[in-house]
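Data file: data22.cif. Format and content: mmCIF, C-alpha atoms.
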```
data_coords
loop_
_atom_site.label_atom_id
_atom_site.label_comp_id
_atom_site.auth_asym_id
_atom_site.auth_seq_id
_atom_site.Cartn_x
_atom_site.Cartn_y
_atom_site.Cartn_z
CA MET A 1 28.90 5.74 7.05
CA ALA A 2 27.37 8.17 9.57
CA LEU A 3 29.06 11.09 7.78
CA ARG A 4 27.70 9.92 4.42
CA GLN A 5 24.16 9.65 5.83
CA SER A 6 24.45 13.10 7.46
CA SER A 7 25.61 14.65 4.18
CA PHE A 8 22.74 13.02 2.28
CA PHE A 9 20.20 14.21 4.86
CA THR A 10 21.49 17.79 4.69
CA ARG A 11 21.21 17.83 0.89
CA PHE A 12 17.76 16.26 1.13
CA VAL A 13 16.53 19.00 3.49
CA ILE A 14 17.96 21.82 1.35
CA LEU A 15 16.46 20.45 -1.85
CA GLY A 16 13.17 19.87 -0.03
CA VAL A 17 12.97 23.48 1.11
CA LEU A 18 13.71 24.73 -2.41
CA ALA A 19 11.02 22.43 -3.83
CA HIS A 20 8.46 23.74 -1.32
CA VAL A 21 9.34 27.35 -2.17
CA TYR A 22 8.93 26.58 -5.88
CA VAL A 23 5.49 25.00 -5.36
CA GLY A 24 4.34 27.89 -3.18
CA LEU A 25 5.47 30.55 -5.64
CA ARG A 26 3.90 28.79 -8.60
CA LEU A 27 0.52 27.90 -7.07
CA ILE A 28 -0.47 30.31 -4.30
CA PRO A 29 -0.29 33.63 -6.23
CA ASP A 30 -2.37 32.17 -9.09
CA ALA A 31 -5.03 30.53 -6.91
CA PRO A 32 -8.38 32.37 -6.65
CA ILE A 33 -8.20 32.65 -2.84
CA ASP A 34 -8.15 35.48 -0.31
CA ALA A 35 -5.16 36.62 1.76
CA ALA A 36 -6.06 34.43 4.75
CA ALA A 37 -6.24 31.30 2.61
CA ALA A 38 -2.95 32.22 0.94
CA SER A 39 -1.31 32.57 4.36
CA GLY A 40 -2.76 29.17 5.28
CA GLY A 41 -1.23 27.67 2.14
CA TRP A 42 2.21 28.97 3.04
CA LEU A 43 1.80 27.69 6.60
CA LEU A 44 0.98 24.21 5.32
CA LEU A 45 4.10 24.25 3.15
CA VAL A 46 6.23 25.30 6.13
CA LEU A 47 4.75 22.47 8.22
CA SER A 48 5.47 20.07 5.37
CA CYS A 49 9.11 21.22 5.36
CA ILE A 50 9.26 20.42 9.08
CA PHE A 51 7.38 17.12 9.22
CA ILE A 52 9.07 15.39 6.27
CA PRO A 53 12.61 15.49 7.76
CA LEU A 54 11.22 14.81 11.25
CA GLY A 55 9.50 11.71 9.89
CA MET A 56 12.72 10.51 8.29
CA LEU A 57 14.74 11.12 11.46
CA SER A 58 12.22 9.30 13.63
CA ARG A 59 12.51 6.18 11.45
CA ARG A 60 16.16 5.89 12.47
CA SER A 61 15.91 7.17 16.04
CA SER A 62 13.25 5.04 17.73
CA SER A 63 15.36 4.64 20.86
CA HIS A 64 15.51 8.43 21.32
CA TRP A 65 12.00 9.36 20.21
CA GLY A 66 10.25 6.57 22.12
CA PRO A 67 6.62 5.68 21.30
CA ARG A 68 6.19 8.94 19.35
CA ALA A 69 8.70 7.77 16.72
CA ASP A 70 6.18 5.76 14.73
CA GLN A 71 3.57 8.52 14.98
CA LEU A 72 6.02 11.11 13.63
CA ALA A 73 7.10 8.67 10.92
CA TRP A 74 3.48 8.15 9.84
CA ILE A 75 2.86 11.91 9.63
CA GLY A 76 6.15 12.68 7.88
CA LEU A 77 5.82 9.85 5.34
CA LEU A 78 2.19 10.66 4.50
CA VAL A 79 3.15 14.30 3.98
CA MET A 80 6.14 13.21 1.87
CA GLY A 81 3.89 11.14 -0.38
CA PHE A 82 1.45 14.00 -0.83
CA PHE A 83 4.15 16.60 -1.49
CA SER A 84 5.87 14.33 -4.02
CA SER A 85 2.68 14.31 -6.12
CA LEU A 86 2.12 18.02 -5.50
CA PHE A 87 5.59 18.80 -6.80
CA VAL A 88 5.23 16.59 -9.88
CA PHE A 89 1.81 18.01 -10.77
CA THR A 90 3.17 21.53 -10.32
CA LEU A 91 5.93 20.76 -12.82
CA LEU A 92 3.38 19.32 -15.26
CA ARG A 93 1.18 22.40 -14.78
CA ASP A 94 4.09 24.67 -15.64
CA ALA A 95 4.79 22.62 -18.75
CA VAL A 96 1.15 23.01 -19.84
CA LEU A 97 1.19 26.75 -19.11
CA PHE A 98 4.40 27.18 -21.10
CA LEU A 99 2.96 25.34 -24.11
CA SER A 100 -0.24 27.39 -23.82
CA TRP A 101 1.80 30.59 -23.77
CA VAL A 102 3.70 29.51 -26.88
CA ALA A 103 0.41 28.64 -28.57
CA SER A 104 -0.95 32.11 -27.73
CA LEU A 105 2.11 33.70 -29.36
CA LEU A 106 1.30 31.72 -32.50
CA GLY A 107 -2.19 33.18 -32.58
CA VAL A 108 -4.13 30.43 -30.82
CA GLN A 109 -6.82 31.78 -28.50
CA VAL A 110 -5.90 30.42 -25.04
CA PRO A 111 -7.59 31.78 -21.86
CA LEU A 112 -4.30 31.95 -19.94
CA PRO A 113 -5.57 33.79 -16.82
CA ALA A 114 -8.42 31.32 -16.34
CA LEU A 115 -6.10 28.37 -17.02
CA ARG A 116 -3.64 29.60 -14.38
CA SER A 117 -6.41 30.14 -11.85
CA VAL A 118 -8.20 26.83 -12.30
CA SER A 119 -5.02 24.75 -12.53
CA ALA A 120 -3.64 26.28 -9.30
CA LEU A 121 -6.56 24.65 -7.46
CA LEU A 122 -6.65 21.51 -9.59
CA VAL A 123 -3.02 20.56 -8.81
CA PRO A 124 -3.44 20.12 -5.02
CA ALA A 125 -6.79 18.39 -5.58
CA LEU A 126 -5.15 15.84 -7.92
CA ALA A 127 -2.24 15.38 -5.49
CA LEU A 128 -4.67 14.66 -2.66
CA LEU A 129 -6.72 12.25 -4.78
CA GLY A 130 -3.59 10.43 -5.95
CA SER A 131 -2.28 10.16 -2.40
CA ALA A 132 -5.57 8.71 -1.14
CA ALA A 133 -5.65 6.11 -3.93
CA GLY A 134 -1.97 5.35 -3.41
CA PHE A 135 -2.51 4.83 0.32
CA PHE A 136 -5.30 2.33 -0.33
CA ASN A 137 -3.16 0.44 -2.85
CA ALA A 138 -0.16 0.31 -0.52
CA ARG A 139 -1.97 -0.82 2.61
CA ARG A 140 -4.08 -3.59 1.11
CA LEU A 141 -2.68 -7.12 0.91
CA ALA A 142 -0.49 -7.67 -2.14
CA ARG A 143 -2.16 -9.65 -4.90
CA VAL A 144 -0.78 -12.99 -6.07
CA VAL A 145 0.73 -12.78 -9.55
CA THR A 146 1.42 -16.04 -11.42
CA VAL A 147 4.37 -16.08 -13.82
CA ASP A 148 5.24 -19.09 -16.00
CA VAL A 149 8.96 -19.42 -16.74
CA PRO A 150 9.71 -21.69 -19.72
CA VAL A 151 12.82 -23.83 -19.22
CA ALA A 152 14.36 -25.79 -22.08
CA GLY A 153 14.83 -29.46 -21.24
CA LEU A 154 12.91 -29.22 -17.99
CA PRO A 155 12.40 -32.75 -16.59
CA ALA A 156 8.80 -33.89 -16.23
CA ALA A 157 9.34 -34.17 -12.47
CA LEU A 158 9.89 -30.39 -12.27
CA GLU A 159 6.97 -29.41 -14.48
CA ASN A 160 4.88 -26.90 -12.50
CA PHE A 161 7.43 -26.72 -9.69
CA THR A 162 6.27 -23.60 -7.82
CA ILE A 163 8.36 -20.90 -6.16
CA VAL A 164 6.58 -18.14 -4.27
CA GLN A 165 8.63 -14.95 -4.06
CA ILE A 166 8.16 -12.05 -1.67
CA SER A 167 10.41 -9.03 -1.70
CA ASP A 168 10.84 -5.54 -0.24
CA VAL A 169 8.41 -5.93 2.64
CA HIS A 170 10.18 -3.10 4.52
CA VAL A 171 9.01 -3.90 8.04
CA GLY A 172 9.42 -0.61 9.88
CA PRO A 173 7.45 2.31 11.33
CA THR A 174 4.34 1.80 9.17
CA ILE A 175 4.58 -1.95 8.43
CA LYS A 176 4.20 -4.14 11.49
CA ALA A 177 3.51 -7.73 12.51
CA GLY A 178 -0.14 -7.72 11.41
CA TYR A 179 0.82 -6.73 7.87
CA VAL A 180 3.50 -9.45 7.83
CA ARG A 181 1.13 -12.13 9.18
CA ALA A 182 -1.29 -11.42 6.32
CA ILE A 183 1.53 -11.88 3.79
CA VAL A 184 2.63 -15.16 5.42
CA ALA A 185 -0.93 -16.51 5.34
CA ALA A 186 -1.30 -15.61 1.66
CA VAL A 187 2.03 -17.22 0.76
CA ASN A 188 1.28 -20.45 2.62
CA ALA A 189 -2.17 -20.61 1.00
CA GLU A 190 -0.43 -21.02 -2.38
CA ARG A 191 1.20 -24.26 -1.10
CA PRO A 192 4.52 -23.52 -2.87
CA ASP A 193 7.31 -26.04 -3.32
CA LEU A 194 9.86 -23.39 -2.34
CA ILE A 195 9.76 -19.85 -0.94
CA ALA A 196 12.20 -17.07 -1.88
CA ILE A 197 12.59 -13.79 0.03
CA THR A 198 14.68 -11.42 -2.10
CA GLY A 199 15.81 -8.79 0.38
CA ASP A 200 14.80 -5.50 1.99
CA VAL A 201 12.76 -7.23 4.64
CA VAL A 202 13.41 -4.54 7.26
CA ASP A 203 13.90 -0.83 7.83
CA GLY A 204 15.30 -0.66 11.33
CA SER A 205 17.22 -2.53 14.00
CA VAL A 206 16.71 -6.05 15.34
CA GLU A 207 16.05 -4.52 18.76
CA HIS A 208 13.00 -2.62 17.53
CA LEU A 209 11.65 -4.87 14.79
CA ALA A 210 12.37 -8.51 15.72
CA ALA A 211 8.86 -8.98 17.11
CA HIS A 212 7.41 -7.72 13.83
CA THR A 213 9.49 -10.05 11.62
CA GLN A 214 8.73 -13.06 13.84
CA PRO A 215 5.65 -14.04 11.74
CA LEU A 216 8.05 -14.95 8.89
CA SER A 217 8.91 -18.05 10.95
CA GLY A 218 5.48 -19.33 9.94
CA LEU A 219 6.42 -19.65 6.25
CA HIS A 220 6.44 -23.29 5.13
CA ALA A 221 7.50 -25.05 1.93
CA PRO A 222 8.70 -28.66 1.44
CA TYR A 223 11.96 -27.59 -0.22
CA GLY A 224 12.76 -24.68 2.07
CA VAL A 225 12.43 -20.95 2.73
CA TYR A 226 15.43 -18.97 1.48
CA LEU A 227 16.42 -15.34 2.02
CA VAL A 228 19.06 -12.99 0.65
CA THR A 229 20.05 -9.58 1.97
CA GLY A 230 19.01 -6.31 0.38
CA ASN A 231 20.55 -2.87 0.73
CA HIS A 232 18.19 -1.96 3.57
CA GLU A 233 19.46 -4.86 5.66
CA TYR A 234 22.87 -3.18 5.44
CA TYR A 235 21.43 0.18 6.49
CA SER A 236 19.87 -1.61 9.47
CA GLY A 237 22.74 -3.82 10.70
CA ALA A 238 23.08 -6.79 8.33
CA ASN A 239 25.06 -9.12 10.60
CA ALA A 240 22.51 -8.86 13.39
CA TRP A 241 19.64 -9.39 10.96
CA VAL A 242 21.26 -12.44 9.36
CA GLN A 243 21.53 -14.01 12.80
CA GLU A 244 17.91 -13.12 13.58
CA PHE A 245 16.59 -14.50 10.29
CA ARG A 246 18.44 -17.74 10.91
CA ARG A 247 17.15 -17.86 14.48
CA ILE A 248 13.53 -17.85 13.26
CA GLY A 249 14.22 -20.65 10.81
CA LEU A 250 14.95 -18.96 7.49
CA THR A 251 17.87 -20.15 5.37
CA VAL A 252 20.03 -17.12 4.57
CA LEU A 253 22.20 -17.60 1.48
CA MET A 254 25.29 -15.39 1.36
CA ASN A 255 27.18 -16.12 -1.88
CA GLU A 256 26.40 -19.82 -1.45
CA HIS A 257 23.97 -22.45 -2.63
CA VAL A 258 22.05 -25.51 -1.56
CA VAL A 259 20.86 -28.43 -3.68
CA VAL A 260 17.33 -29.81 -3.36
CA GLU A 261 16.03 -32.92 -5.12
CA PRO A 262 12.31 -32.83 -5.93
CA GLN A 263 11.43 -36.35 -7.11
CA GLY A 264 15.12 -37.12 -7.60
CA GLN A 265 15.82 -34.14 -9.89
CA ARG A 266 18.56 -31.81 -8.67
CA LEU A 267 17.73 -28.11 -8.40
CA VAL A 268 20.32 -25.57 -7.26
CA VAL A 269 19.15 -22.66 -5.08
CA ALA A 270 21.89 -20.02 -4.93
CA GLY A 271 21.78 -16.66 -3.20
CA ILE A 272 24.05 -13.63 -3.18
CA THR A 273 24.42 -10.67 -0.87
CA ASP A 274 23.16 -7.28 -2.04
CA TYR A 275 24.93 -5.65 -4.98
CA THR A 276 26.23 -2.89 -2.64
CA ALA A 277 27.14 -5.16 0.30
CA GLY A 278 30.90 -4.83 -0.26
CA SER A 279 30.78 -1.14 0.58
CA PHE A 280 29.53 -2.05 4.06
CA TYR A 281 31.51 -5.25 4.77
CA GLU A 282 34.29 -6.46 2.50
CA ASP A 283 33.60 -10.11 3.34
CA HIS A 284 29.98 -9.65 2.22
CA ARG A 285 30.88 -8.52 -1.31
CA SER A 286 28.34 -9.91 -3.77
CA ASN A 287 29.73 -12.80 -5.83
CA PRO A 288 27.44 -14.81 -8.18
CA ALA A 289 30.35 -17.03 -9.27
CA ARG A 290 31.20 -18.06 -5.71
CA ALA A 291 27.52 -18.75 -5.03
CA LEU A 292 27.52 -21.35 -7.83
CA ALA A 293 30.94 -22.85 -7.10
CA GLY A 294 30.75 -26.62 -6.64
CA ALA A 295 27.15 -26.88 -7.80
CA PRO A 296 26.32 -29.98 -9.86
CA GLU A 297 26.76 -29.23 -13.56
CA ASP A 298 23.87 -31.50 -14.50
CA ALA A 299 21.33 -29.75 -12.26
CA ALA A 300 18.08 -29.32 -14.18
CA VAL A 301 17.53 -25.78 -12.85
CA LYS A 302 19.95 -23.27 -11.31
CA LEU A 303 18.05 -20.59 -9.44
CA LEU A 304 19.69 -17.36 -8.24
CA LEU A 305 18.22 -15.07 -5.59
CA ALA A 306 19.68 -11.55 -5.96
CA HIS A 307 18.09 -8.45 -4.48
CA GLN A 308 18.99 -6.05 -7.30
CA PRO A 309 18.23 -6.80 -10.97
CA ARG A 310 21.63 -5.40 -12.05
CA SER A 311 23.30 -8.48 -10.53
CA ALA A 312 22.13 -10.20 -13.73
CA VAL A 313 24.99 -8.62 -15.70
CA ALA A 314 27.53 -10.74 -13.81
CA ALA A 315 25.25 -13.74 -13.28
CA ALA A 316 23.94 -14.34 -16.80
CA PRO A 317 27.17 -15.78 -18.29
CA LEU A 318 27.58 -18.27 -15.41
CA GLY A 319 24.87 -20.71 -16.40
CA TYR A 320 22.01 -19.75 -14.12
CA THR A 321 18.53 -20.61 -15.35
CA LEU A 322 16.53 -17.95 -13.52
CA GLN A 323 17.30 -14.93 -11.33
CA LEU A 324 14.66 -13.61 -8.92
CA SER A 325 15.08 -9.99 -7.82
CA GLY A 326 13.23 -7.05 -6.29
CA HIS A 327 14.55 -3.66 -5.14
CA THR A 328 12.82 -1.47 -7.73
CA HIS A 329 9.25 -1.56 -6.33
CA GLY A 330 8.26 -1.13 -9.98
CA GLY A 331 8.79 2.58 -9.31
CA GLN A 332 6.16 2.49 -6.49
CA PHE A 333 4.39 5.62 -7.70
CA PHE A 334 4.53 8.00 -10.66
CA PRO A 335 6.94 9.22 -11.94
CA TRP A 336 9.74 7.42 -10.08
CA GLY A 337 9.57 4.31 -12.27
CA PHE A 338 11.29 6.30 -15.02
CA PHE A 339 14.28 6.98 -12.74
CA VAL A 340 14.69 3.28 -11.85
CA GLN A 341 15.85 2.71 -15.42
CA LEU A 342 18.87 4.95 -14.81
CA GLN A 343 20.25 2.42 -12.30
CA GLN A 344 18.66 -0.96 -13.06
CA PRO A 345 18.31 -2.92 -16.32
CA TYR A 346 14.73 -3.93 -15.47
CA THR A 347 11.96 -2.19 -13.54
CA ALA A 348 9.50 -5.08 -13.24
CA GLY A 349 8.43 -8.33 -14.86
CA LEU A 350 10.08 -11.20 -16.73
CA HIS A 351 13.02 -10.55 -19.06
CA ARG A 352 15.70 -12.56 -20.83
CA ARG A 353 19.43 -11.85 -20.50
CA LEU A 354 21.66 -14.11 -22.58
CA GLY A 355 20.41 -17.58 -21.63
CA MET A 356 19.04 -16.58 -18.21
CA TRP A 357 15.55 -15.47 -17.24
CA VAL A 358 15.31 -12.50 -14.85
CA TYR A 359 12.13 -11.80 -12.92
CA THR A 360 11.90 -8.48 -11.04
CA SER A 361 9.17 -8.21 -8.42
CA ARG A 362 7.38 -4.92 -7.76
CA GLY A 363 7.72 -5.74 -4.06
CA THR A 364 5.31 -7.02 -1.44
CA GLY A 365 5.36 -3.97 0.84
CA TYR A 366 6.53 -0.42 0.17
CA TRP A 367 9.31 1.93 1.18
CA GLY A 368 8.82 5.36 2.69
CA PRO A 369 5.42 6.90 1.91
CA PRO A 370 2.56 4.38 2.19
CA LYS A 371 1.69 4.98 -1.43
CA ARG A 372 1.51 2.93 -4.63
CA LEU A 373 0.23 4.20 -7.97
CA TRP A 374 0.46 2.21 -11.23
CA ALA A 375 2.91 -0.15 -9.53
CA PRO A 376 0.85 -2.61 -7.46
CA SER A 377 2.54 -4.72 -4.80
CA GLU A 378 2.74 -8.44 -5.44
CA ILE A 379 3.29 -11.90 -4.07
CA THR A 380 4.80 -13.71 -7.04
CA ARG A 381 3.98 -17.32 -7.88
CA ILE A 382 6.72 -18.53 -10.20
CA ARG A 383 5.89 -21.75 -12.04
CA LEU A 384 8.51 -23.68 -14.00
CA VAL A 385 7.16 -25.08 -17.28
CA ARG A 386 8.69 -26.81 -20.25
CA ALA A 387 9.80 -24.50 -23.01
#
```
Rewritten as structure tokens:
Amino acid sequence: MALRQSSFFTRFVILGVLAHVYVGLRLIPDAPIDAAAASGGWLLLVLSCIFIPLGMLSRRSSSHWGPRADQLAWIGLLVMGFFSSLFVFTLLRDAVLFLSWVASLLGVQVPLPALRSVSALLVPALALLGSAAGFFNARRLARVVTVDVPVAGLPAALENFTIVQISDVHVGPTIKAGYVRAIVAAVNAERPDLIAITGDVVDGSVEHLAAHTQPLSGLHAPYGVYLVTGNHEYYSGANAWVQEFRRIGLTVLMNEHVVVEPQGQRLVVAGITDYTAGSFYEDHRSNPARALAGAPEDAAVKLLLAHQPRSAVAAAPLGYTLQLSGHTHGGQFFPWGFFVQLQQPYTAGLHRRLGMWVYTSRGTGYWGPPKRLWAPSEITRIRLVRA
């Protein structure tokens, strides 16, 4: 595992350096600036190359970095968010310049020198503006989104049964107890019948983050608060976190289910480990069939909590009514939502797979850069209604 992470980090650094060189070569020579400003631009890119990997290392090395770990993480992740937009806008600029060049060959009058000059300044300005807006969107409290799920044959006793879902909070270097307390207060204010936490609660060890997940013990619902593991729990020590979540009163479902009976109507709440859990611990391998084994066949609703939407492929034929997932963050910020589709069947929202509904949350927190653009965070209020 350590070797795999080291190999990934090395590739990440090399690709990051190449991306910075590309941005510098494409923007700085074309910008209408003097030699001193050009040197300053290159210096900023060099500092970016340094702070981004330092920020990533500090997220995993709090015990070695001490109190400066979070400060370095903040700097590195903010720079990462800005450079991500800078890189994307530079690519888009080159696409526009190429099309303009082609148009000029076809006889269209295009002021190429002026376009190169103005766009070289416009790109970093847009990246900065997008990062500022993304920071505001990420750090504000997630909005409550209400989703009605129509269920055929739903008993009258379960009409408007409410499940509040939170997902992908990512408690870590930039998300702390205060952020979590605000989420808990918002969830409890909805007075849900049941609460579902669909993984990726943490980004770090129990030792460093237990105090910041403690507010989750304040979640209350008459039919329980249930949690399933996400991939980041496995990066952070899943066994220790499962014990900690149970210690603070959350019901962790690991390929198992419970049966609740609102007004005498049976409702199955099943939960599976993360889709990738088997690559960390063989006995944690995700198994939707085992999670449903022994559940009452006549249950009015069979709910599945599964961190990744792609678990729906195996779950849909088993008779589940609804799967709640997260993981994707809805892409979090442009253009990464397009890449989610290469791995997951759904990026966000409510979809139908065979006879099962699948709802994918955009997440309640954020991962990595404190930045969200065109993918707002959410606290999801799922309401069961008759079809």
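For the set A:Ala306, A:Leu267, A:Leu115, A:Val201, the residue with the smallest atom-to-atom gap to A:Ala238 is A:Val201, counting only C-alpha atoms.
Using all atoms listed in the file, the shortest contact distance between A:Ala73 and any of A:Val102, A:Ile175, A:His232, A:Ser117 is found at A:Ile175.
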Please determine, counting only C-alpha atoms, which residue among A:Gln214, A:Pro369, A:Thr321, A:Arg139 has the shortest atom-to-atom distance to A:Arg247.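 That would be A:Gln214, the residue with the smallest distance to A:Arg247.
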Could you list, as number ranges by chain, every residue matched by the PyMOL selection byres ((chain A and resi 366) around 10) in this structure? A: 138-139, 167-171, 174-175, 200, 329, 332, 362-365, 367-372, 376-377
Determine, counting all atoms listed in the file, which protein, DNA and RNA residues have an atom within 6 Å of an atom of stretch 268-271 of chain A; residues of the same chain fewer than 2 positions away are not included. Present the result as a ChimeraX atom specification. /A:228,253-259,291,302-305
Would you mind telling me which residue in A:Leu158, A:Val301, A:Ala348, A:Val358 lies nearest to A:Ala316 when using only C-alpha atoms?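 Of A:Leu158, A:Val301, A:Ala348, A:Val358, the one nearest A:Ala316 is A:Val358, counting only C-alpha atoms.
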Might you pull out every residue within 12 Å of A:Ala95, with only C-alpha atoms counted and same-chain residues fewer than 6 positions away left off, and present them as a PyMOL selection string? chain A and resi 26+88-89+101-102+116+119
Return the single residue from A:Glu297, A:Asp193, A:Asp30, A:Asp203 that is closest to A:Ala120, with distances computed using all atoms listed in the file. A:Asp30
Quick one: pull the distance between atom CA of A:Ala19 and atom CA of A:Thr90, Å, one decimal.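 Interatomic distance here is 10.2 Å.
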Explicit residues for the PyMOL selection byres ((chain A and resi 206) around 9) (as a list in words): Val202, Gly204, Ser205, Glu207, His208, Leu209, Ala210, Ala211, Ser236, Gly237, Ala240, Trp241 and Glu244 of chain A
How far is it from atom CA of A:Asn287 to atom CA of A:Ile195, in Å with one decimal?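 These atoms are spaced 21.7 Å apart.
Of the listed residues (A:Glu261, A:Thr213, A:Phe280, A:Thr10), A:Thr213 comes nearest to A:Lys176; the distances count all atoms listed in the file.
A straight line drawn from atom CA of A:Tyr275 to atom CA of A:Phe161 is 27.8 Å long.
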Explicit residues for the PyMOL selection byres ((chain A and resi 78-83) around 8) (as a ChimeraX atom specification): /A:48,51-52,74-77,84-87,127-128,131,369-371
Output the selection as a PDB file, keeping the file's coordinate frame - C-alpha atoms for each residue.
```pdb
ATOM      1  CA  SER A  48       5.470  20.070   5.370  1.00  0.00           C
ATOM      2  CA  PHE A  51       7.380  17.120   9.220  1.00  0.00           C
ATOM      3  CA  ILE A  52       9.070  15.390   6.270  1.00  0.00           C
ATOM      4  CA  TRP A  74       3.480   8.150   9.840  1.00  0.00           C
ATOM      5  CA  ILE A  75       2.860  11.910   9.630  1.00  0.00           C
ATOM      6  CA  GLY A  76       6.150  12.680   7.880  1.00  0.00           C
ATOM      7  CA  LEU A  77       5.820   9.850   5.340  1.00  0.00           C
ATOM      8  CA  SER A  84       5.870  14.330  -4.020  1.00  0.00           C
ATOM      9  CA  SER A  85       2.680  14.310  -6.120  1.00  0.00           C
ATOM     10  CA  LEU A  86       2.120  18.020  -5.500  1.00  0.00           C
ATOM     11  CA  PHE A  87       5.590  18.800  -6.800  1.00  0.00           C
ATOM     12  CA  ALA A 127      -2.240  15.380  -5.490  1.00  0.00           C
ATOM     13  CA  LEU A 128      -4.670  14.660  -2.660  1.00  0.00           C
ATOM     14  CA  SER A 131      -2.280  10.160  -2.400  1.00  0.00           C
ATOM     15  CA  PRO A 369       5.420   6.900   1.910  1.00  0.00           C
ATOM     16  CA  PRO A 370       2.560   4.380   2.190  1.00  0.00           C
ATOM     17  CA  LYS A 371       1.690   4.980  -1.430  1.00  0.00           C
TER      18      LYS A 371
END
```
Give as a list in words the set of residues within 8 Å of the point (28.7, -12.3, -11.3), where distances use the file's coordinates and all atoms listed in the file. Ser286, Asn287, Pro288, Ala289, Ser311, Ala312, Val313, Ala314, Ala315, Ala316, Pro317 and Leu318 of chain A
Nearby residues (only C-alpha atoms) at most 10 Å from A:Ile183, same-chain spacing under 6 positions excluded, as an NGL selection string: :A and (141-143 or 166 or 169 or 177 or 189 or 215-216 or 219 or 364-365 or 378-379)
